[in-house]
file protein-v6.txt (compact mmCIF, C-alpha atoms and all ligand atoms)
# COMPACT_ATOMS: atom_id res chain seq x y z
CA MET A 29 -12.41 -24.95 14.87
CA MET A 30 -14.22 -21.85 13.60
CA HIS A 31 -17.47 -22.31 11.69
CA LYS A 32 -17.43 -20.59 8.29
CA GLU A 33 -20.51 -22.07 6.59
CA ILE A 34 -22.07 -18.72 5.69
CA SER A 35 -18.79 -17.34 4.28
CA ALA A 36 -18.48 -20.55 2.25
CA ARG A 37 -22.01 -20.22 0.91
CA TYR A 38 -21.50 -16.53 0.09
CA PHE A 39 -18.23 -17.35 -1.71
CA GLU A 40 -19.99 -19.97 -3.89
CA GLU A 41 -22.64 -17.38 -4.83
CA ALA A 42 -20.00 -14.71 -5.40
CA LYS A 43 -18.04 -16.92 -7.81
CA LYS A 44 -21.14 -17.23 -10.00
CA VAL A 45 -21.31 -13.49 -10.68
CA ILE A 46 -17.85 -12.04 -9.89
CA PRO A 47 -14.60 -13.36 -11.42
CA GLY A 48 -12.93 -15.47 -8.73
CA GLY A 49 -15.68 -14.34 -6.35
CA VAL A 50 -13.76 -11.19 -5.41
CA ASN A 51 -13.38 -7.62 -6.60
CA SER A 52 -9.63 -7.67 -6.13
CA PRO A 53 -7.51 -10.83 -6.60
CA VAL A 54 -5.53 -10.86 -3.37
CA ARG A 55 -8.80 -11.05 -1.38
CA ALA A 56 -9.40 -14.57 -2.73
CA CYS A 57 -6.72 -15.96 -0.38
CA GLN A 58 -5.57 -18.35 -3.14
CA SER A 59 -1.89 -18.13 -2.16
CA VAL A 60 -2.54 -18.95 1.50
CA GLY A 61 -4.57 -22.11 0.78
CA CYS A 62 -8.04 -21.25 2.03
CA ASP A 63 -11.27 -19.59 0.99
CA PRO A 64 -11.93 -16.00 2.03
CA ILE A 65 -14.13 -15.01 4.95
CA PHE A 66 -16.92 -12.52 4.31
CA VAL A 67 -16.92 -9.60 6.71
CA GLU A 68 -20.12 -8.51 8.43
CA GLN A 69 -18.76 -5.51 10.29
CA GLY A 70 -15.68 -3.82 11.69
CA SER A 71 -15.12 -1.87 14.88
CA GLY A 72 -11.79 -0.40 15.92
CA CYS A 73 -9.11 -3.02 15.19
CA TYR A 74 -11.64 -5.86 15.08
CA ILE A 75 -13.60 -7.39 12.25
CA GLU A 76 -16.43 -9.90 12.54
CA ASP A 77 -17.24 -12.35 9.77
CA VAL A 78 -20.72 -13.37 8.67
CA ASP A 79 -20.48 -16.52 10.82
CA GLY A 80 -19.93 -14.43 13.93
CA ASN A 81 -16.19 -15.09 14.25
CA SER A 82 -14.13 -12.11 15.48
CA TYR A 83 -10.58 -11.27 14.44
CA ILE A 84 -7.92 -8.71 15.25
CA ASP A 85 -7.43 -7.09 11.83
CA TYR A 86 -3.92 -6.36 10.51
CA VAL A 87 -4.95 -5.82 6.88
CA CYS A 88 -6.88 -2.65 7.73
CA SER A 89 -8.30 -2.59 4.18
CA TRP A 90 -4.68 -2.69 2.89
CA GLY A 91 -3.82 0.52 4.69
CA PRO A 92 -6.77 2.97 4.70
CA MET A 93 -8.13 1.98 8.12
CA ILE A 94 -5.14 3.32 10.08
CA THR A 95 -7.77 4.99 12.28
CA GLY A 96 -9.52 1.68 12.94
CA HIS A 97 -12.92 0.61 11.58
CA CYS A 98 -16.02 2.77 12.23
CA HIS A 99 -14.06 5.62 13.81
CA PRO A 100 -16.86 7.80 15.24
CA GLU A 101 -15.38 11.05 13.89
CA ILE A 102 -15.05 9.67 10.37
CA ASN A 103 -18.53 8.16 10.42
CA ALA A 104 -19.95 11.44 11.72
CA ALA A 105 -18.16 13.44 9.00
CA VAL A 106 -19.53 11.17 6.27
CA ALA A 107 -23.03 11.23 7.78
CA ALA A 108 -22.97 15.04 7.88
CA ALA A 109 -21.74 15.28 4.27
CA LEU A 110 -24.45 12.82 3.25
CA GLU A 111 -27.12 15.29 4.40
CA SER A 112 -25.95 17.71 1.69
CA GLY A 113 -25.76 15.22 -1.16
CA THR A 114 -23.50 12.48 -2.48
CA SER A 115 -22.04 13.92 -5.69
CA PHE A 116 -22.34 17.05 -7.82
CA GLY A 117 -19.65 17.06 -10.48
CA ILE A 118 -19.32 20.70 -9.46
CA PRO A 119 -16.56 22.04 -7.16
CA THR A 120 -17.19 21.73 -3.41
CA TRP A 121 -15.16 23.22 -0.56
CA HIS A 122 -14.34 19.80 0.98
CA GLU A 123 -12.08 18.95 -1.96
CA VAL A 124 -10.16 22.20 -1.50
CA GLU A 125 -9.83 21.52 2.24
CA LEU A 126 -8.43 18.04 1.61
CA ALA A 127 -6.03 19.41 -1.03
CA GLN A 128 -4.88 22.09 1.40
CA LEU A 129 -4.27 19.48 4.13
CA ILE A 130 -2.23 17.30 1.76
CA CYS A 131 -0.15 20.30 0.62
CA GLU A 132 0.45 21.30 4.25
CA CYS A 133 1.53 17.77 5.28
CA VAL A 134 3.55 16.47 2.32
CA PRO A 135 6.81 18.44 1.93
CA SER A 136 7.19 18.24 -1.86
CA VAL A 137 3.56 18.89 -2.80
CA ASP A 138 2.70 22.44 -3.92
CA MET A 139 -0.45 21.35 -5.79
CA VAL A 140 -2.48 18.16 -5.88
CA ARG A 141 -5.19 16.60 -8.05
CA LEU A 142 -7.69 14.26 -6.37
CA VAL A 143 -8.74 11.09 -8.17
CA ASN A 144 -10.53 7.89 -7.06
CA SER A 145 -7.81 5.28 -6.56
CA GLY A 146 -4.09 4.76 -6.29
CA THR A 147 -4.05 3.34 -9.80
CA GLU A 148 -5.62 6.50 -11.20
CA ALA A 149 -3.05 8.53 -9.28
CA THR A 150 -0.03 6.63 -10.62
CA MET A 151 -1.24 6.34 -14.21
CA SER A 152 -1.96 10.08 -14.21
CA ALA A 153 1.43 10.90 -12.69
CA ILE A 154 3.19 8.90 -15.40
CA ARG A 155 1.19 10.66 -18.13
CA LEU A 156 2.05 14.01 -16.54
CA ALA A 157 5.75 13.15 -16.39
CA ARG A 158 5.70 12.09 -20.05
CA GLY A 159 3.81 15.25 -21.04
CA TYR A 160 6.13 17.48 -19.00
CA THR A 161 9.38 15.95 -20.30
CA GLY A 162 8.29 14.96 -23.82
CA ARG A 163 9.90 11.57 -23.15
CA ASP A 164 8.18 8.15 -23.28
CA LYS A 165 10.13 5.66 -21.17
CA ILE A 166 9.64 5.01 -17.47
CA ILE A 167 11.63 3.02 -14.95
CA LYS A 168 10.00 1.00 -12.17
CA PHE A 169 11.49 -1.54 -9.77
CA ASP A 170 11.05 -5.32 -9.69
CA GLY A 171 8.43 -6.23 -7.11
CA CYS A 172 7.03 -2.75 -6.74
CA TYR A 173 3.34 -2.40 -7.49
CA HIS A 174 1.75 0.83 -8.64
CA GLY A 175 -1.77 -0.35 -9.42
CA HIS A 176 -3.01 -2.17 -12.50
CA ALA A 177 -2.50 0.38 -15.31
CA ASP A 178 -0.86 -1.22 -18.37
CA SER A 179 2.50 0.51 -18.00
CA PHE A 180 3.08 -0.92 -14.56
CA LEU A 181 2.32 -4.60 -15.12
CA VAL A 182 5.95 -5.52 -15.58
CA LYS A 183 7.54 -7.61 -12.81
CA ALA A 184 4.95 -6.14 -10.46
CA GLY A 185 4.42 -7.01 -6.84
CA SER A 186 1.26 -7.39 -4.75
CA GLY A 187 -1.41 -9.50 -6.42
CA VAL A 188 0.70 -10.01 -9.57
CA ALA A 189 3.48 -11.55 -7.49
CA THR A 190 1.01 -13.35 -5.23
CA LEU A 191 -0.59 -15.07 -8.19
CA GLY A 192 2.83 -15.70 -9.73
CA ILE A 193 1.73 -14.30 -13.08
CA PRO A 194 4.50 -12.77 -15.21
CA GLY A 195 2.61 -9.59 -16.02
CA SER A 196 -0.78 -9.75 -17.62
CA PRO A 197 -2.31 -10.81 -20.92
CA GLY A 198 -4.01 -7.85 -22.57
CA VAL A 199 -1.09 -5.52 -22.10
CA PRO A 200 0.25 -4.73 -25.59
CA GLU A 201 3.98 -5.30 -26.03
CA GLU A 202 4.43 -1.78 -27.36
CA ILE A 203 3.10 -0.39 -24.09
CA VAL A 204 5.45 -2.28 -21.80
CA ALA A 205 8.32 -1.68 -24.25
CA ASN A 206 8.47 1.76 -22.65
CA THR A 207 8.66 0.32 -19.14
CA ILE A 208 12.06 -0.69 -17.81
CA SER A 209 12.16 -2.57 -14.52
CA VAL A 210 15.35 -2.85 -12.46
CA PRO A 211 16.09 -4.43 -9.08
CA PHE A 212 15.36 -2.29 -6.00
CA ASN A 213 18.34 -1.41 -3.77
CA ASP A 214 20.78 -1.75 -6.70
CA ILE A 215 21.92 1.74 -7.66
CA ASP A 216 24.36 0.42 -10.28
CA ALA A 217 21.51 -1.26 -12.17
CA LEU A 218 19.60 2.01 -12.22
CA ARG A 219 22.68 4.05 -13.13
CA ASP A 220 23.43 1.74 -16.09
CA VAL A 221 19.96 2.31 -17.56
CA VAL A 222 19.95 6.05 -16.91
CA GLN A 223 23.43 6.56 -18.38
CA ARG A 224 22.48 4.52 -21.44
CA ASP A 225 19.00 5.87 -22.05
CA GLY A 226 18.49 8.82 -19.73
CA GLU A 227 17.47 11.32 -22.38
CA ASN A 228 14.48 9.09 -23.27
CA ILE A 229 13.33 8.48 -19.71
CA ALA A 230 10.40 10.58 -18.45
CA ALA A 231 10.18 9.21 -14.94
CA VAL A 232 11.41 6.85 -12.30
CA ILE A 233 8.50 5.65 -10.18
CA MET A 234 9.16 3.87 -6.91
CA GLU A 235 7.68 2.86 -3.64
CA PRO A 236 10.26 4.56 -1.38
CA VAL A 237 9.69 1.66 1.02
CA PRO A 238 8.31 -1.21 -1.06
CA ALA A 239 5.45 -3.04 0.63
CA ASN A 240 4.18 -5.01 -2.36
CA MET A 241 6.90 -7.63 -2.26
CA GLY A 242 6.54 -7.62 1.48
CA VAL A 243 8.17 -4.73 3.39
CA VAL A 244 11.66 -4.11 2.00
CA LEU A 245 13.75 -1.28 3.42
CA PRO A 246 15.93 0.98 1.23
CA VAL A 247 19.60 0.41 2.04
CA GLU A 248 21.57 3.32 3.46
CA GLY A 249 22.05 6.08 0.84
CA TYR A 250 19.96 4.37 -1.84
CA LEU A 251 17.09 6.86 -1.99
CA GLU A 252 19.54 9.75 -1.99
CA ALA A 253 21.41 8.18 -4.91
CA VAL A 254 18.17 7.68 -6.86
CA ARG A 255 17.27 11.32 -6.26
CA GLU A 256 20.70 12.52 -7.40
CA LEU A 257 20.70 10.33 -10.51
CA THR A 258 17.22 11.39 -11.63
CA ALA A 259 17.88 15.08 -10.95
CA SER A 260 21.11 15.00 -12.96
CA HIS A 261 19.26 13.64 -16.00
CA ASP A 262 16.08 15.79 -15.67
CA ILE A 263 14.09 12.63 -14.97
CA VAL A 264 10.89 13.13 -12.93
CA LEU A 265 11.20 11.20 -9.66
CA ILE A 266 7.80 9.91 -8.55
CA PHE A 267 7.44 8.57 -5.01
CA ASP A 268 4.48 6.24 -5.00
CA GLU A 269 3.32 6.83 -1.42
CA VAL A 270 -0.08 5.19 -1.80
CA ILE A 271 0.94 2.97 1.14
CA THR A 272 3.64 4.99 2.93
CA GLY A 273 1.80 8.31 2.63
CA PHE A 274 0.37 9.28 6.05
CA ARG A 275 1.44 5.78 7.19
CA LEU A 276 5.04 6.59 8.18
CA GLY A 277 4.06 10.07 9.33
CA LEU A 278 2.02 13.00 8.02
CA GLY A 279 4.84 13.66 5.53
CA GLY A 280 5.18 10.00 4.54
CA ALA A 281 8.44 8.39 3.50
CA GLN A 282 9.77 11.56 1.88
CA GLU A 283 9.71 13.33 5.25
CA PHE A 284 10.97 10.22 7.09
CA PHE A 285 14.01 9.91 4.78
CA GLY A 286 14.38 13.62 3.92
CA ILE A 287 14.13 13.12 0.15
CA THR A 288 12.20 15.50 -2.11
CA PRO A 289 10.59 13.77 -5.10
CA ASP A 290 9.17 15.77 -8.03
CA LEU A 291 5.75 14.07 -7.85
CA THR A 292 4.05 12.00 -5.18
CA THR A 293 1.14 9.63 -5.59
CA MET A 294 -1.18 8.92 -2.70
CA GLY A 295 -4.34 6.99 -1.85
CA LYS A 296 -5.74 4.72 0.84
CA ILE A 297 -5.42 6.69 4.12
CA ILE A 298 -6.36 10.06 2.53
CA GLY A 299 -9.83 8.69 1.80
CA GLY A 300 -10.53 7.49 5.34
CA GLY A 301 -11.84 4.25 3.84
CA LEU A 302 -13.70 5.84 0.93
CA PRO A 303 -12.31 5.94 -2.64
CA VAL A 304 -9.70 8.68 -2.92
CA GLY A 305 -6.37 8.82 -4.75
CA ALA A 306 -4.20 11.84 -5.39
CA TYR A 307 -1.09 12.94 -7.24
CA GLY A 308 0.79 16.13 -6.51
CA GLY A 309 4.13 17.85 -6.57
CA LYS A 310 5.99 20.84 -7.92
CA ARG A 311 3.71 23.63 -9.10
CA GLU A 312 5.68 23.93 -12.36
CA ILE A 313 4.86 20.31 -13.19
CA MET A 314 1.32 20.16 -11.80
CA GLU A 315 0.25 23.23 -13.80
CA GLN A 316 0.68 21.10 -16.92
CA ILE A 317 -2.53 19.27 -15.95
CA ALA A 318 -5.77 20.26 -17.70
CA PRO A 319 -7.45 22.67 -17.59
CA ALA A 320 -4.42 24.67 -16.40
CA GLY A 321 -2.23 22.93 -18.96
CA PRO A 322 -2.41 20.47 -21.86
CA VAL A 323 -2.00 17.09 -20.09
CA TYR A 324 -5.46 15.58 -19.84
CA GLN A 325 -6.88 13.78 -16.81
CA ALA A 326 -10.44 13.76 -15.53
CA GLY A 327 -12.91 11.90 -13.29
CA THR A 328 -16.65 11.99 -12.65
CA LEU A 329 -16.36 11.31 -8.93
CA SER A 330 -12.95 12.89 -8.28
CA GLY A 331 -13.08 14.94 -5.09
CA ASN A 332 -16.37 13.30 -4.09
CA PRO A 333 -17.95 15.11 -1.09
CA LEU A 334 -18.37 11.98 1.07
CA ALA A 335 -14.86 10.68 0.34
CA THR A 336 -13.21 14.05 0.94
CA ALA A 337 -15.14 14.49 4.19
CA ALA A 338 -13.86 11.09 5.35
CA GLY A 339 -10.32 11.95 4.26
CA ILE A 340 -10.31 15.29 6.06
CA ALA A 341 -11.55 13.62 9.26
CA ALA A 342 -8.89 10.91 8.99
CA LEU A 343 -6.03 13.37 8.52
CA GLU A 344 -7.26 15.49 11.41
CA ILE A 345 -7.27 12.40 13.67
CA LEU A 346 -3.75 11.47 12.52
CA SER A 347 -2.47 15.02 13.14
CA ARG A 348 -2.88 14.62 16.90
CA PRO A 349 0.37 14.59 18.95
CA GLY A 350 1.90 11.17 19.65
CA THR A 351 -0.07 9.33 16.96
CA TYR A 352 2.88 8.12 14.90
CA GLU A 353 5.15 7.48 17.88
CA SER A 354 2.51 5.10 19.26
CA LEU A 355 2.01 3.42 15.87
CA GLU A 356 5.77 2.90 15.57
CA GLN A 357 6.05 1.46 19.09
CA LYS A 358 3.31 -1.07 18.38
CA GLY A 359 4.74 -1.96 14.98
CA ASN A 360 8.15 -2.51 16.55
CA ALA A 361 6.66 -4.57 19.40
CA LEU A 362 4.83 -6.86 16.98
CA ALA A 363 7.93 -7.28 14.81
CA SER A 364 10.25 -8.04 17.72
CA GLY A 365 7.67 -10.42 19.17
CA TYR A 366 7.60 -12.40 15.93
CA ILE A 367 11.41 -12.43 15.82
CA GLU A 368 11.62 -13.82 19.36
CA LEU A 369 9.04 -16.52 18.63
CA ALA A 370 10.77 -17.56 15.40
CA LYS A 371 14.02 -17.92 17.31
CA LYS A 372 12.34 -19.78 20.21
CA TYR A 373 10.77 -22.34 17.88
CA GLY A 374 13.60 -22.52 15.36
CA ILE A 375 11.56 -21.14 12.44
CA GLU A 376 13.52 -19.42 9.67
CA CYS A 377 11.73 -16.09 9.44
CA GLN A 378 12.98 -12.60 8.60
CA VAL A 379 10.72 -9.90 10.02
CA GLN A 380 11.04 -6.43 8.46
CA ASN A 381 9.09 -3.39 9.57
CA ILE A 382 9.11 0.36 9.41
CA GLY A 383 6.71 2.10 11.73
CA SER A 384 3.34 0.36 11.67
CA MET A 385 3.84 -1.73 8.51
CA LEU A 386 5.59 -5.11 8.64
CA THR A 387 6.16 -8.43 6.90
CA ALA A 388 7.32 -11.78 8.27
CA PHE A 389 9.21 -13.47 5.42
CA PHE A 390 9.16 -17.22 6.08
CA GLY A 391 12.10 -19.38 5.02
CA GLN A 392 14.41 -16.38 5.08
CA LYS A 393 17.58 -16.12 7.20
CA GLY A 394 18.88 -12.59 6.43
CA ASP A 395 17.68 -9.24 5.14
CA VAL A 396 15.26 -9.35 2.23
CA LYS A 397 16.55 -6.51 0.06
CA ASN A 398 14.84 -7.06 -3.27
CA PHE A 399 12.19 -8.96 -5.21
CA ALA A 400 14.43 -11.85 -6.28
CA SER A 401 15.22 -12.47 -2.63
CA ALA A 402 11.59 -12.09 -1.51
CA LEU A 403 10.52 -14.67 -4.10
CA THR A 404 12.65 -17.34 -2.40
CA SER A 405 10.42 -17.11 0.70
CA ASN A 406 8.62 -20.23 1.87
CA THR A 407 5.12 -19.25 0.75
CA ASP A 408 3.67 -22.61 1.85
CA GLN A 409 4.85 -21.97 5.40
CA TYR A 410 3.48 -18.44 5.16
CA GLY A 411 0.14 -20.00 4.18
CA ARG A 412 0.24 -22.21 7.29
CA PHE A 413 1.05 -19.12 9.37
CA PHE A 414 -1.89 -17.22 7.85
CA ARG A 415 -4.34 -20.09 8.40
CA GLY A 416 -3.14 -20.68 11.96
CA MET A 417 -3.53 -17.03 12.86
CA LEU A 418 -6.95 -16.89 11.17
CA GLU A 419 -8.24 -19.95 13.07
CA ASN A 420 -7.21 -18.26 16.30
CA GLY A 421 -8.82 -14.90 15.59
CA VAL A 422 -6.05 -12.86 13.98
CA TYR A 423 -6.38 -11.66 10.38
CA VAL A 424 -2.97 -10.99 8.80
CA ALA A 425 -2.26 -10.30 5.10
CA PRO A 426 -3.38 -13.25 2.93
CA SER A 427 -0.12 -13.15 0.95
CA GLN A 428 3.58 -13.37 1.69
CA PHE A 429 4.09 -10.39 -0.63
CA GLU A 430 2.05 -7.85 1.30
CA ALA A 431 2.36 -5.88 4.54
CA ALA A 432 0.52 -6.18 7.83
CA MET A 433 -0.64 -2.83 9.18
CA VAL A 434 -1.17 -1.63 12.76
CA SER A 435 -3.85 1.00 13.40
CA ILE A 436 -4.28 3.54 16.20
CA ALA A 437 -7.14 1.29 17.39
CA HIS A 438 -4.80 -1.65 18.20
CA SER A 439 -4.27 -1.57 21.97
CA TRP A 440 -1.28 -3.04 23.80
CA ASP A 441 -3.60 -5.84 24.91
CA ASP A 442 -4.37 -6.57 21.25
CA ILE A 443 -0.65 -6.73 20.46
CA ASP A 444 -0.11 -9.06 23.44
CA GLU A 445 -3.04 -11.26 22.38
CA THR A 446 -1.70 -11.37 18.82
CA LEU A 447 1.69 -12.54 20.06
CA GLU A 448 0.07 -15.20 22.26
CA VAL A 449 -1.75 -16.53 19.19
CA ALA A 450 1.43 -16.26 17.15
CA GLU A 451 3.28 -18.35 19.77
CA SER A 452 0.81 -21.21 19.30
CA VAL A 453 1.16 -20.91 15.52
CA PHE A 454 4.95 -20.76 15.48
CA LYS A 455 4.96 -23.77 17.82
CA SER A 456 2.75 -25.67 15.37
CA LEU A 457 5.11 -24.77 12.50
CA ALA A 458 8.20 -26.08 14.31
P1 LIG A 501 -5.48 1.11 -5.79
O1 LIG A 501 -5.76 1.35 -7.27
O2 LIG A 501 -5.61 -0.35 -5.41
O3 LIG A 501 -6.23 2.07 -4.89
O4 LIG A 501 -3.93 1.52 -5.54
C1 LIG A 501 -2.93 0.91 -6.33
C2 LIG A 501 -1.62 0.97 -5.59
C3 LIG A 501 -0.67 1.91 -6.00
N1 LIG A 501 0.52 2.01 -5.38
C4 LIG A 501 0.82 1.22 -4.32
C5 LIG A 501 2.16 1.37 -3.66
C6 LIG A 501 -0.11 0.25 -3.87
O5 LIG A 501 0.22 -0.56 -2.83
C7 LIG A 501 -1.35 0.13 -4.50
C8 LIG A 501 -2.38 -0.89 -4.09
N2 LIG A 501 -2.05 -1.69 -2.97
C9 LIG A 501 -2.63 -3.01 -2.92
C10 LIG A 501 -2.09 -3.77 -1.70
N3 LIG A 501 -0.70 -3.94 -1.76
C11 LIG A 501 -4.12 -2.95 -2.91
C12 LIG A 501 -4.80 -4.24 -2.52
C13 LIG A 501 -5.49 -4.87 -3.69
O6 LIG A 501 -4.94 -4.82 -4.81
O7 LIG A 501 -6.58 -5.42 -3.45
call {"tool": "encode", "arguments": {"input": "protein-v6.txt", "output": "structure tokens"}}
result
Amino acid sequence: MMHKEISARYFEEAKKVIPGGVNSPVRACQSVGCDPIFVEQGSGCYIEDVDGNSYIDYVCSWGPMITGHCHPEINAAVAAALESGTSFGIPTWHEVELAQLICECVPSVDMVRLVNSGTEATMSAIRLARGYTGRDKIIKFDGCYHGHADSFLVKAGSGVATLGIPGSPGVPEEIVANTISVPFNDIDALRDVVQRDGENIAAVIMEPVPANMGVVLPVEGYLEAVRELTASHDIVLIFDEVITGFRLGLGGAQEFFGITPDLTTMGKIIGGGLPVGAYGGKREIMEQIAPAGPVYQAGTLSGNPLATAAGIAALEILSRPGTYESLEQKGNALASGYIELAKKYGIECQVQNIGSMLTAFFGQKGDVKNFASALTSNTDQYGRFFRGMLENGVYVAPSQFEAAMVSIAHSWDDIDETLEVAESVFKSLA
């Protein structure tokens, strides 16, 4: 049994001064039936908690740490940038370099604006789409999560789904009246709304591969149909690639599936662990953003020198040959290992992965294709899975409605060790 006295004490102190003791709800581990650990340090694919317990980390800061923790090249880049100063509020070359890298890597992005989080990126992209089209309504998909801006808190995934809250108090009805949410993987549902109301719809925003209801794969032809439908009604298609961007490849899901959205939102990986978000796309649309155009968006720390230095270093590491092939092999190995163990111990569990992001849906027999289906998962059993893995030194996502992430720092020995631990946990669940 691991000792967690210091984490427990820290959590009690934290709850006195921070709501729920955490700075983001999912970290509280409420849905998996335990208190959170407090991390002391990370190195590669490992994290160590304040009680000295070590874990193989599959949260990877919810995606950013695809390079592993404390990557020497990222730390060196930040240390070097630090010598010149932490923030100026005046243009620096690093932010141009990162913008150039993003434009080179992401097929649909001619221009990009850097911000400080995925939420800032998506809320800005929606405002831009509304300003560009002169329309007010947006369409999102049940179970997709695009950050916590008011317009998106309708049938959202991630922490909203994890906590089982319908949306959120404090979001005025007139705001969400402009947000329509339809089931993912159901082109007829989307077509019905677009044919009925298309001329009032500014944008469709989607995770091309949802990860915030757990990993759900688009069915054959679905993304193409969404692209066709939005293009035929002059609706701005926004791919929210905050998770899939630079996760599925340098070109993200849009390169993987060969679909060209009008705007793309990004975050996480492009900051190398420091706060960076971004939105970009067609020049014609992006030039509507102030000061080039009339759509306003701003940010004191946008393009911050330390964060852009970390992001540049991360993307350079990821650009090396074989990186994504190796990530995919390890993601597939972990997924197939879970599938074998579930079968061996008679546990109903549907494992879905794409590349290095995966979810084991407990209590599921077949494909999980949408939010309604994901919600029927056995979240209690997922909680037992999480706690069993944690007690044996593996840190997976503390929610059934999230994705586990493999980094380039996970070795084949780490994958093997993870599956050995998983065997003991699946056995205990049988
Ligand atoms: P941030 O504002 O948290 O940087 O990004 C919001 C966001 C936007 N779009 C997608 C597809 C996202 O997944 C996110 C945030 N992801 C969650 C994890 N699923 C962040 C973890 C958390 O909320 O603590």
call {"tool": "closest_residue", "arguments": {"input": "protein-v6.txt", "among": "A:Gly295, A:Gly365, A:Pro64, A:Gly70", "to": "ligand LIG 501 (chain A)", "atoms": "only C-alpha atoms and all ligand atoms"}}
result
A:Gly295
call {"tool": "atom_distance", "arguments": {"input": "protein-v6.txt", "atom1": "CA of Gly391 (chain A)", "atom2": "CA of Val50 (chain A)"}}
result
29.1 Å
call {"tool": "residues_near_point", "arguments": {"input": "protein-v6.txt", "point": "(4.8, 23.3, -11.5)", "cutoff": "12 Å", "atoms": "only C-alpha atoms", "output": "PyMOL selection string"}}
result
chain A and resi 136-140+156-157+160+264+290-291+308-317+320-321
call {"tool": "residues_near_ligand", "arguments": {"input": "protein-v6.txt", "ligand": "ligand LIG 501 (chain A)", "cutoff": "8 Å", "atoms": "only C-alpha atoms and all ligand atoms", "output": "ChimeraX atom specification"}}
result
/A:51-55,89-91,144-150,172-176,185-187,235,238-240,268-272,293-296,303-305,430-431
call {"tool": "residues_around", "arguments": {"input": "protein-v6.txt", "residues": "region 416-428 of chain A", "least_positions_apart": "4", "cutoff": "8 Å", "atoms": "all atoms listed in the file", "output": "PDB file with C-alpha atoms, in the coordinates of the input"}}
result
ATOM      1  CA  MET A  29     -12.410 -24.950  14.870  1.00  0.00           C
ATOM      2  CA  MET A  30     -14.220 -21.850  13.600  1.00  0.00           C
ATOM      3  CA  VAL A  54      -5.530 -10.860  -3.370  1.00  0.00           C
ATOM      4  CA  ARG A  55      -8.800 -11.050  -1.380  1.00  0.00           C
ATOM      5  CA  CYS A  57      -6.720 -15.960  -0.380  1.00  0.00           C
ATOM      6  CA  SER A  59      -1.890 -18.130  -2.160  1.00  0.00           C
ATOM      7  CA  VAL A  60      -2.540 -18.950   1.500  1.00  0.00           C
ATOM      8  CA  ASN A  81     -16.190 -15.090  14.250  1.00  0.00           C
ATOM      9  CA  SER A  82     -14.130 -12.110  15.480  1.00  0.00           C
ATOM     10  CA  TYR A  83     -10.580 -11.270  14.440  1.00  0.00           C
ATOM     11  CA  ILE A  84      -7.920  -8.710  15.250  1.00  0.00           C
ATOM     12  CA  ASP A  85      -7.430  -7.090  11.830  1.00  0.00           C
ATOM     13  CA  TYR A  86      -3.920  -6.360  10.510  1.00  0.00           C
ATOM     14  CA  VAL A  87      -4.950  -5.820   6.880  1.00  0.00           C
ATOM     15  CA  THR A 190       1.010 -13.350  -5.230  1.00  0.00           C
ATOM     16  CA  MET A 241       6.900  -7.630  -2.260  1.00  0.00           C
ATOM     17  CA  GLY A 242       6.540  -7.620   1.480  1.00  0.00           C
ATOM     18  CA  THR A 387       6.160  -8.430   6.900  1.00  0.00           C
ATOM     19  CA  ALA A 388       7.320 -11.780   8.270  1.00  0.00           C
ATOM     20  CA  PHE A 389       9.210 -13.470   5.420  1.00  0.00           C
ATOM     21  CA  SER A 405      10.420 -17.110   0.700  1.00  0.00           C
ATOM     22  CA  THR A 407       5.120 -19.250   0.750  1.00  0.00           C
ATOM     23  CA  TYR A 410       3.480 -18.440   5.160  1.00  0.00           C
ATOM     24  CA  GLY A 411       0.140 -20.000   4.180  1.00  0.00           C
ATOM     25  CA  ARG A 412       0.240 -22.210   7.290  1.00  0.00           C
ATOM     26  CA  ALA A 432       0.520  -6.180   7.830  1.00  0.00           C
ATOM     27  CA  THR A 446      -1.700 -11.370  18.820  1.00  0.00           C
ATOM     28  CA  VAL A 449      -1.750 -16.530  19.190  1.00  0.00           C
ATOM     29  CA  ALA A 450       1.430 -16.260  17.150  1.00  0.00           C
ATOM     30  CA  VAL A 453       1.160 -20.910  15.520  1.00  0.00           C
TER      31      VAL A 453
END
call {"tool": "atom_distance", "arguments": {"input": "protein-v6.txt", "atom1": "CA of Asn228 (chain A)", "atom2": "CA of Glu202 (chain A)"}}
result
15.4 Å
call {"tool": "residues_around", "arguments": {"input": "protein-v6.txt", "residues": "Phe274 (chain A)", "least_positions_apart": "4", "cutoff": "9 Å", "atoms": "all atoms listed in the file", "output": "MDAnalysis selection string"}}
result
chainID A and resid 133:134 269:270 278:281 294 297:298 343 346
call {"tool": "closest_residue", "arguments": {"input": "protein-v6.txt", "among": "A:Leu386, A:Ser439, A:Asp444, A:Val124", "to": "Cys73 (chain A)", "atoms": "only C-alpha atoms"}}
result
A:Ser439
